[in-house]
file entry.cif (mmCIF, C-alpha atoms)
data_coords
#
loop_
_atom_site.label_atom_id
_atom_site.label_comp_id
_atom_site.auth_asym_id
_atom_site.auth_seq_id
_atom_site.Cartn_x
_atom_site.Cartn_y
_atom_site.Cartn_z
CA MET A 1 -184.21 -41.66 -45.30
CA LEU A 2 -182.14 -40.11 -48.09
CA LEU A 3 -178.72 -38.91 -46.96
CA THR A 4 -176.91 -36.22 -48.91
CA SER A 5 -173.18 -35.71 -48.66
CA THR A 6 -171.48 -32.35 -48.49
CA PRO A 7 -169.21 -31.71 -51.49
CA SER A 8 -165.51 -31.79 -50.66
CA PRO A 9 -163.53 -28.51 -50.77
CA ALA A 10 -161.81 -29.68 -53.98
CA THR A 11 -165.17 -30.42 -55.60
CA ARG A 12 -166.52 -27.02 -54.62
CA LEU A 13 -163.45 -25.32 -56.08
CA ARG A 14 -163.77 -27.28 -59.32
CA GLU A 15 -167.40 -26.21 -59.61
CA LEU A 16 -166.46 -22.61 -58.91
CA PHE A 17 -163.76 -22.57 -61.58
CA SER A 18 -166.01 -24.32 -64.11
CA ARG A 19 -168.55 -21.48 -63.82
CA ALA A 20 -166.02 -18.64 -63.86
CA ARG A 21 -165.25 -16.54 -66.93
CA LEU A 22 -162.75 -14.13 -65.35
CA VAL A 23 -160.19 -15.11 -62.71
CA LEU A 24 -158.53 -12.20 -60.92
CA LEU A 25 -155.30 -12.49 -58.97
CA ASP A 26 -153.79 -10.28 -56.35
CA PHE A 27 -150.14 -9.70 -57.25
CA ASP A 28 -147.89 -9.82 -54.17
CA GLY A 29 -148.63 -13.25 -52.72
CA PRO A 30 -150.65 -15.23 -55.26
CA VAL A 31 -148.38 -14.32 -58.21
CA CYS A 32 -145.02 -13.69 -56.53
CA ASP A 33 -143.19 -12.65 -53.39
CA LEU A 34 -142.56 -9.08 -54.52
CA PHE A 35 -140.33 -8.19 -51.58
CA ALA A 36 -138.26 -11.37 -51.50
CA GLU A 37 -134.99 -9.43 -51.90
CA ARG A 38 -135.94 -5.78 -51.43
CA SER A 39 -137.92 -5.98 -48.19
CA ALA A 40 -141.11 -4.05 -47.63
CA ALA A 41 -139.76 -2.80 -44.30
CA GLU A 42 -136.68 -1.33 -45.98
CA ILE A 43 -138.82 0.38 -48.60
CA ALA A 44 -141.06 1.78 -45.86
CA ARG A 45 -137.95 3.14 -44.12
CA ARG A 46 -136.87 4.91 -47.30
CA LEU A 47 -140.33 6.41 -47.70
CA CYS A 48 -140.22 7.66 -44.11
CA GLU A 49 -136.84 9.27 -44.78
CA ARG A 50 -138.32 11.02 -47.79
CA ILE A 51 -141.24 12.31 -45.73
CA GLY A 52 -139.01 13.50 -42.91
CA PRO A 53 -139.89 14.08 -39.23
CA ASP A 54 -142.45 16.78 -39.99
CA GLY A 55 -144.22 14.58 -42.54
CA LEU A 56 -144.27 11.64 -40.14
CA ARG A 57 -145.88 13.78 -37.46
CA LEU A 58 -148.41 15.14 -39.97
CA ALA A 59 -149.34 11.62 -41.07
CA GLY A 60 -149.34 10.22 -37.52
CA LEU A 61 -146.83 7.57 -38.54
CA ASP A 62 -144.39 5.71 -36.33
CA PRO A 63 -140.86 5.88 -37.83
CA GLY A 64 -140.70 2.10 -37.42
CA VAL A 65 -143.64 1.44 -39.77
CA THR A 66 -142.92 -1.56 -42.01
CA ASP A 67 -145.74 -1.36 -44.58
CA PRO A 68 -145.04 0.97 -47.54
CA LEU A 69 -148.73 1.17 -48.41
CA GLU A 70 -149.49 2.35 -44.89
CA VAL A 71 -147.00 5.17 -45.38
CA LEU A 72 -148.65 6.16 -48.65
CA LEU A 73 -152.21 5.97 -47.35
CA SER A 74 -151.48 7.82 -44.10
CA THR A 75 -149.63 10.58 -45.93
CA HIS A 76 -152.50 10.94 -48.39
CA ARG A 77 -155.15 11.12 -45.69
CA ALA A 78 -153.15 13.68 -43.73
CA ASP A 79 -152.85 15.89 -46.82
CA PRO A 80 -155.55 14.80 -49.31
CA GLY A 81 -155.03 17.88 -51.45
CA ASP A 82 -151.27 17.20 -51.66
CA ALA A 83 -150.56 20.85 -50.98
CA SER A 84 -147.03 20.02 -49.85
CA GLY A 85 -146.28 17.66 -52.73
CA LEU A 86 -145.43 14.90 -50.25
CA VAL A 87 -148.10 12.51 -51.51
CA LEU A 88 -146.83 12.78 -55.07
CA ALA A 89 -143.24 12.27 -53.91
CA VAL A 90 -144.16 9.20 -51.86
CA ARG A 91 -146.22 7.74 -54.70
CA LYS A 92 -143.37 8.25 -57.16
CA LEU A 93 -140.70 6.77 -54.87
CA LEU A 94 -142.88 3.80 -53.94
CA ALA A 95 -143.53 3.00 -57.61
CA GLU A 96 -139.81 3.14 -58.32
CA GLU A 97 -139.02 0.86 -55.37
CA GLU A 98 -141.71 -1.66 -56.30
CA THR A 99 -140.53 -1.78 -59.90
CA LEU A 100 -136.98 -2.42 -58.74
CA ALA A 101 -138.28 -5.13 -56.41
CA ALA A 102 -140.09 -6.78 -59.32
CA ALA A 103 -136.73 -7.67 -60.87
CA THR A 104 -135.89 -9.93 -57.91
CA ALA A 105 -139.42 -11.04 -56.97
CA VAL A 106 -139.78 -14.82 -56.56
CA PRO A 107 -142.71 -16.43 -58.42
CA THR A 108 -145.17 -18.11 -56.10
CA SER A 109 -145.04 -21.88 -56.33
CA GLY A 110 -148.02 -23.14 -58.29
CA ALA A 111 -148.93 -19.74 -59.77
CA VAL A 112 -147.65 -20.42 -63.28
CA PRO A 113 -149.27 -23.88 -63.59
CA LEU A 114 -152.55 -22.27 -62.50
CA MET A 115 -152.22 -19.59 -65.18
CA GLU A 116 -151.49 -22.27 -67.77
CA SER A 117 -154.47 -24.37 -66.71
CA MET A 118 -156.85 -21.40 -66.65
CA SER A 119 -155.68 -20.23 -70.06
CA ARG A 120 -156.13 -23.71 -71.56
CA GLY A 121 -159.62 -23.76 -70.13
CA GLY A 122 -160.52 -20.53 -71.89
CA LYS A 123 -160.63 -18.38 -68.75
CA LEU A 124 -159.65 -14.72 -68.83
CA LEU A 125 -156.94 -13.80 -66.31
CA GLY A 126 -156.47 -10.41 -64.69
CA VAL A 127 -154.46 -8.80 -61.91
CA ALA A 128 -156.09 -6.50 -59.36
CA SER A 129 -153.42 -5.14 -57.04
CA ASN A 130 -152.47 -2.35 -54.66
CA ASN A 131 -148.96 -2.49 -56.12
CA CYS A 132 -148.14 -0.26 -59.07
CA ALA A 133 -148.91 -1.48 -62.58
CA PRO A 134 -145.34 -0.97 -63.91
CA ALA A 135 -144.00 -3.39 -61.28
CA ILE A 136 -146.65 -5.96 -62.16
CA ARG A 137 -145.92 -5.71 -65.88
CA ALA A 138 -142.16 -5.84 -65.24
CA HIS A 139 -142.40 -9.09 -63.26
CA LEU A 140 -144.82 -10.78 -65.66
CA GLY A 141 -142.73 -9.70 -68.65
CA LEU A 142 -139.50 -10.90 -67.05
CA HIS A 143 -140.95 -14.38 -66.57
CA GLY A 144 -142.74 -14.58 -69.92
CA LEU A 145 -146.20 -14.45 -68.34
CA LEU A 146 -147.61 -11.21 -69.73
CA ALA A 147 -149.44 -12.99 -72.57
CA TYR A 148 -151.76 -14.62 -70.02
CA PHE A 149 -153.00 -11.16 -69.07
CA THR A 150 -153.15 -9.61 -72.53
CA ASP A 151 -156.09 -9.26 -74.90
CA PRO A 152 -154.87 -8.37 -78.40
CA ALA A 153 -158.38 -7.21 -79.32
CA ARG A 154 -158.38 -4.43 -76.74
CA PRO A 155 -157.09 -0.96 -77.61
CA GLY A 156 -153.97 0.39 -75.94
CA ASP A 157 -151.69 -2.13 -74.27
CA GLY A 158 -154.50 -4.67 -73.93
CA HIS A 159 -153.33 -5.75 -70.49
CA ARG A 160 -155.89 -6.98 -67.99
CA ILE A 161 -153.88 -5.41 -65.17
CA VAL A 162 -155.11 -2.80 -62.71
CA GLY A 163 -152.51 -1.61 -60.26
CA ARG A 164 -152.54 1.05 -57.59
CA PRO A 165 -154.80 3.99 -58.53
CA GLU A 166 -153.62 7.57 -58.20
CA ASP A 167 -156.12 8.06 -55.39
CA PRO A 168 -154.94 5.76 -52.55
CA ASP A 169 -158.45 5.68 -51.13
CA LEU A 170 -159.41 3.54 -54.14
CA MET A 171 -156.95 0.80 -53.17
CA LYS A 172 -158.44 -2.46 -51.93
CA PRO A 173 -160.55 -2.98 -49.84
CA HIS A 174 -162.27 -0.58 -52.24
CA PRO A 175 -163.65 -2.64 -55.17
CA TYR A 176 -162.35 -0.15 -57.79
CA ALA A 177 -159.76 -2.45 -59.41
CA LEU A 178 -162.10 -5.43 -59.58
CA GLU A 179 -164.98 -3.41 -60.97
CA LEU A 180 -162.70 -1.89 -63.61
CA LEU A 181 -161.63 -5.35 -64.81
CA LEU A 182 -165.18 -6.67 -64.78
CA LYS A 183 -166.29 -3.75 -66.92
CA ALA A 184 -163.29 -3.97 -69.28
CA THR A 185 -163.96 -7.65 -69.98
CA GLY A 186 -167.75 -7.43 -70.05
CA THR A 187 -167.97 -9.90 -67.17
CA ALA A 188 -170.87 -10.07 -64.74
CA PRO A 189 -169.74 -10.16 -61.08
CA GLY A 190 -171.24 -13.62 -60.68
CA ASP A 191 -168.92 -14.89 -63.41
CA GLY A 192 -165.79 -13.60 -61.70
CA VAL A 193 -163.47 -15.13 -59.10
CA MET A 194 -160.80 -13.33 -57.08
CA ILE A 195 -157.77 -15.10 -55.59
CA GLY A 196 -156.00 -13.19 -52.82
CA ASP A 197 -154.07 -13.54 -49.61
CA SER A 198 -155.26 -10.59 -47.52
CA PRO A 199 -158.49 -9.51 -45.80
CA ASN A 200 -158.52 -6.43 -48.04
CA ASP A 201 -158.73 -8.74 -51.07
CA ALA A 202 -161.68 -10.56 -49.53
CA LEU A 203 -163.47 -7.33 -48.64
CA ALA A 204 -162.96 -5.89 -52.14
CA ALA A 205 -164.31 -9.06 -53.72
CA GLY A 206 -167.34 -8.97 -51.46
CA GLU A 207 -168.08 -5.36 -52.39
CA ALA A 208 -167.71 -6.16 -56.09
CA GLY A 209 -169.96 -9.22 -55.85
CA VAL A 210 -167.16 -11.55 -56.94
CA ARG A 211 -166.55 -14.96 -55.38
CA PHE A 212 -163.33 -15.06 -53.37
CA ILE A 213 -160.68 -17.71 -52.73
CA GLY A 214 -158.28 -17.00 -49.89
CA VAL A 215 -154.83 -18.54 -50.09
CA HIS A 216 -152.21 -18.50 -47.33
CA PRO A 217 -149.86 -21.11 -45.85
CA VAL A 218 -150.39 -19.86 -42.28
CA ALA A 219 -153.52 -21.09 -40.51
CA ALA A 220 -153.97 -17.87 -38.51
CA LYS A 221 -153.88 -15.86 -41.73
CA ARG A 222 -156.52 -18.12 -43.23
CA ASP A 223 -158.64 -17.49 -40.14
CA ALA A 224 -158.32 -13.74 -40.80
CA LEU A 225 -159.37 -14.31 -44.41
CA ARG A 226 -162.38 -16.29 -43.24
CA ALA A 227 -163.33 -13.49 -40.85
CA ALA A 228 -163.18 -11.05 -43.79
CA GLY A 229 -165.68 -13.14 -45.71
CA ALA A 230 -163.63 -15.74 -47.59
CA GLU A 231 -165.86 -18.68 -48.45
CA TYR A 232 -163.07 -20.77 -50.01
CA LEU A 233 -159.69 -21.23 -48.32
CA VAL A 234 -156.54 -23.07 -49.38
CA ALA A 235 -153.01 -23.27 -48.05
CA SER A 236 -151.23 -23.07 -51.41
CA MET A 237 -151.72 -22.27 -55.07
CA HIS A 238 -151.06 -25.95 -55.83
CA GLU A 239 -154.45 -26.81 -54.34
CA LEU A 240 -156.02 -24.49 -56.91
CA VAL A 241 -154.02 -26.08 -59.73
CA ALA A 242 -155.48 -29.46 -58.77
CA ALA A 243 -159.00 -28.01 -58.71
CA ALA A 244 -158.53 -26.29 -62.09
CA ALA A 245 -157.21 -29.39 -63.86
#
call {"tool": "encode", "arguments": {"input": "entry.cif", "output": "structure tokens"}}
result
Amino acid sequence: MLLTSTPSPATRLRELFSRARLVLLDFDGPVCDLFAERSAAEIARRLCERIGPDGLRLAGLDPGVTDPLEVLLSTHRADPGDASGLVLAVRKLLAEEETLAAATAVPTSGAVPLMESMSRGGKLLGVASNNCAPAIRAHLGLHGLLAYFTDPARPGDGHRIVGRPEDPDLMKPHPYALELLLKATGTAPGDGVMIGDSPNDALAAGEAGVRFIGVHPVAAKRDALRAAGAEYLVASMHELVAAAA
């Protein structure tokens, strides 16, 4: 009787990376802790102050909400036509706050070695995020990492970075950002890999037909990623560095 062994998680990750042409990263989490100094809860509070009591009631938001993206999305859905101008004001303030936060964001341990390894291996790197593109570019530029996400042959800025779209309904879990990067790089979904730390990342990858790696140090969070469809799970970016070597 011939016995076959199941490949180890590290072996499966190595095989996945070897086949990939485009590796996409979520920003806050896999690349950095965006709100290390300027907390998300404090930014959400400032957004709620900007909306005011009437806006909070309109959006059905609790004044104690701690997720800035929840404030943006709820405000948008309460007033999709932006007749009051609140959605535009929230979007503008949130982008300003995220860009300020990028200056003090702490790079995720293992993220830079992974970028280096992927780049040496000829992989294209991109960022697909619900955070605004200026904040992403500011952080990567500050740490000398923007070149990993830049294609000199592309017109315009050449950055393989897709941040928060103007329409909040196109944020992940919508596959918009991933599909845009696949198209921009001429990559088939089967040749793409997404690395993220939230169920929305996993759901977006599934919709786009891209393989997904969930990364989170907390076991319960990894369970949530698995429930959202993550086939590959790791506790840290360092595990991915080892698999990419």
call {"tool": "residues_near_point", "arguments": {"input": "entry.cif", "point": "(-159.8, -9.4, -60.4)", "cutoff": "8 Å", "atoms": "all atoms listed in the file", "output": "PDB file with C-alpha atoms, in the coordinates of the input"}}
result
ATOM      1  CA  LEU A  22    -162.750 -14.130 -65.350  1.00  0.00           C
ATOM      2  CA  VAL A  23    -160.190 -15.110 -62.710  1.00  0.00           C
ATOM      3  CA  LEU A  24    -158.530 -12.200 -60.920  1.00  0.00           C
ATOM      4  CA  LEU A  25    -155.300 -12.490 -58.970  1.00  0.00           C
ATOM      5  CA  ASP A  26    -153.790 -10.280 -56.350  1.00  0.00           C
ATOM      6  CA  LEU A 125    -156.940 -13.800 -66.310  1.00  0.00           C
ATOM      7  CA  GLY A 126    -156.470 -10.410 -64.690  1.00  0.00           C
ATOM      8  CA  VAL A 127    -154.460  -8.800 -61.910  1.00  0.00           C
ATOM      9  CA  ALA A 128    -156.090  -6.500 -59.360  1.00  0.00           C
ATOM     10  CA  ALA A 177    -159.760  -2.450 -59.410  1.00  0.00           C
ATOM     11  CA  LEU A 178    -162.100  -5.430 -59.580  1.00  0.00           C
ATOM     12  CA  GLU A 179    -164.980  -3.410 -60.970  1.00  0.00           C
ATOM     13  CA  LEU A 181    -161.630  -5.350 -64.810  1.00  0.00           C
ATOM     14  CA  LEU A 182    -165.180  -6.670 -64.780  1.00  0.00           C
ATOM     15  CA  GLY A 192    -165.790 -13.600 -61.700  1.00  0.00           C
ATOM     16  CA  VAL A 193    -163.470 -15.130 -59.100  1.00  0.00           C
ATOM     17  CA  MET A 194    -160.800 -13.330 -57.080  1.00  0.00           C
ATOM     18  CA  ILE A 195    -157.770 -15.100 -55.590  1.00  0.00           C
TER      19      ILE A 195
END
call {"tool": "resolve_selection", "arguments": {"input": "entry.cif", "expression": "the PyMOL selection byres ((chain A and resi 27) around 9)", "output": "list in words"}}
result
Leu25, Asp26, Asp28, Gly29, Pro30, Val31, Cys32, Asp33, Leu34, Val127, Ala128, Ser129, Asn130, Asn131, Ile136, Gly163 and Gly196 of chain A
call {"tool": "closest_residue", "arguments": {"input": "entry.cif", "among": "A:Thr108, A:Arg164, A:Gly64, A:Ala101", "to": "Glu49 in chain A", "atoms": "only C-alpha atoms"}}
result
A:Gly64
call {"tool": "residues_around", "arguments": {"input": "entry.cif", "residues": "Ser236 in chain A", "least_positions_apart": "2", "cutoff": "12 Å", "atoms": "all atoms listed in the file", "output": "VMD selection string"}}
result
chain A and resid 29 to 31 108 to 111 114 195 to 197 213 to 219 222 233 to 234 238 to 243
call {"tool": "resolve_selection", "arguments": {"input": "entry.cif", "expression": "the PyMOL selection byres ((chain A and resi 204) around 8)", "output": "PyMOL selection string"}}
result
chain A and resi 172-175+178+200-203+205-208
call {"tool": "resolve_selection", "arguments": {"input": "entry.cif", "expression": "the PyMOL selection byres ((chain A and resi 140) around 12)", "output": "VMD selection string"}}
result
chain A and resid 27 to 28 31 to 32 34 99 102 to 107 111 to 112 115 126 to 127 133 to 139 141 to 150 159 to 161
call {"tool": "atom_distance", "arguments": {"input": "entry.cif", "atom1": "CA of Ala44 in chain A", "atom2": "CA of Pro199 in chain A"}}
result
20.8 Å
call {"tool": "atom_distance", "arguments": {"input": "entry.cif", "atom1": "CA of Ala95 in chain A", "atom2": "CA of Gly186 in chain A"}}
result
29.2 Å
call {"tool": "atom_distance", "arguments": {"input": "entry.cif", "atom1": "CA of Glu42 in chain A", "atom2": "CA of Glu166 in chain A"}}
result
22.7 Å
call {"tool": "closest_residue", "arguments": {"input": "entry.cif", "among": "A:Glu231, A:Leu225, A:Thr185, A:Lys92", "to": "Arg21 in chain A", "atoms": "only C-alpha atoms"}}
result
A:Thr185
call {"tool": "residues_around", "arguments": {"input": "entry.cif", "residues": "Glu70 in chain A", "least_positions_apart": "2", "cutoff": "12 Å", "atoms": "only C-alpha atoms", "output": "PDB file with C-alpha atoms, in the frame of the given file"}}
result
ATOM      1  CA  ALA A  40    -141.110  -4.050 -47.630  1.00  0.00           C
ATOM      2  CA  ALA A  41    -139.760  -2.800 -44.300  1.00  0.00           C
ATOM      3  CA  ILE A  43    -138.820   0.380 -48.600  1.00  0.00           C
ATOM      4  CA  ALA A  44    -141.060   1.780 -45.860  1.00  0.00           C
ATOM      5  CA  ARG A  45    -137.950   3.140 -44.120  1.00  0.00           C
ATOM      6  CA  LEU A  47    -140.330   6.410 -47.700  1.00  0.00           C
ATOM      7  CA  CYS A  48    -140.220   7.660 -44.110  1.00  0.00           C
ATOM      8  CA  LEU A  56    -144.270  11.640 -40.140  1.00  0.00           C
ATOM      9  CA  ALA A  59    -149.340  11.620 -41.070  1.00  0.00           C
ATOM     10  CA  GLY A  60    -149.340  10.220 -37.520  1.00  0.00           C
ATOM     11  CA  LEU A  61    -146.830   7.570 -38.540  1.00  0.00           C
ATOM     12  CA  ASP A  62    -144.390   5.710 -36.330  1.00  0.00           C
ATOM     13  CA  PRO A  63    -140.860   5.880 -37.830  1.00  0.00           C
ATOM     14  CA  GLY A  64    -140.700   2.100 -37.420  1.00  0.00           C
ATOM     15  CA  VAL A  65    -143.640   1.440 -39.770  1.00  0.00           C
ATOM     16  CA  THR A  66    -142.920  -1.560 -42.010  1.00  0.00           C
ATOM     17  CA  ASP A  67    -145.740  -1.360 -44.580  1.00  0.00           C
ATOM     18  CA  PRO A  68    -145.040   0.970 -47.540  1.00  0.00           C
ATOM     19  CA  LEU A  72    -148.650   6.160 -48.650  1.00  0.00           C
ATOM     20  CA  LEU A  73    -152.210   5.970 -47.350  1.00  0.00           C
ATOM     21  CA  SER A  74    -151.480   7.820 -44.100  1.00  0.00           C
ATOM     22  CA  THR A  75    -149.630  10.580 -45.930  1.00  0.00           C
ATOM     23  CA  HIS A  76    -152.500  10.940 -48.390  1.00  0.00           C
ATOM     24  CA  ARG A  77    -155.150  11.120 -45.690  1.00  0.00           C
ATOM     25  CA  ALA A  78    -153.150  13.680 -43.730  1.00  0.00           C
ATOM     26  CA  VAL A  90    -144.160   9.200 -51.860  1.00  0.00           C
ATOM     27  CA  ARG A  91    -146.220   7.740 -54.700  1.00  0.00           C
ATOM     28  CA  LEU A  94    -142.880   3.800 -53.940  1.00  0.00           C
ATOM     29  CA  ASN A 130    -152.470  -2.350 -54.660  1.00  0.00           C
ATOM     30  CA  PRO A 168    -154.940   5.760 -52.550  1.00  0.00           C
ATOM     31  CA  ASP A 169    -158.450   5.680 -51.130  1.00  0.00           C
ATOM     32  CA  MET A 171    -156.950   0.800 -53.170  1.00  0.00           C
TER      33      MET A 171
END
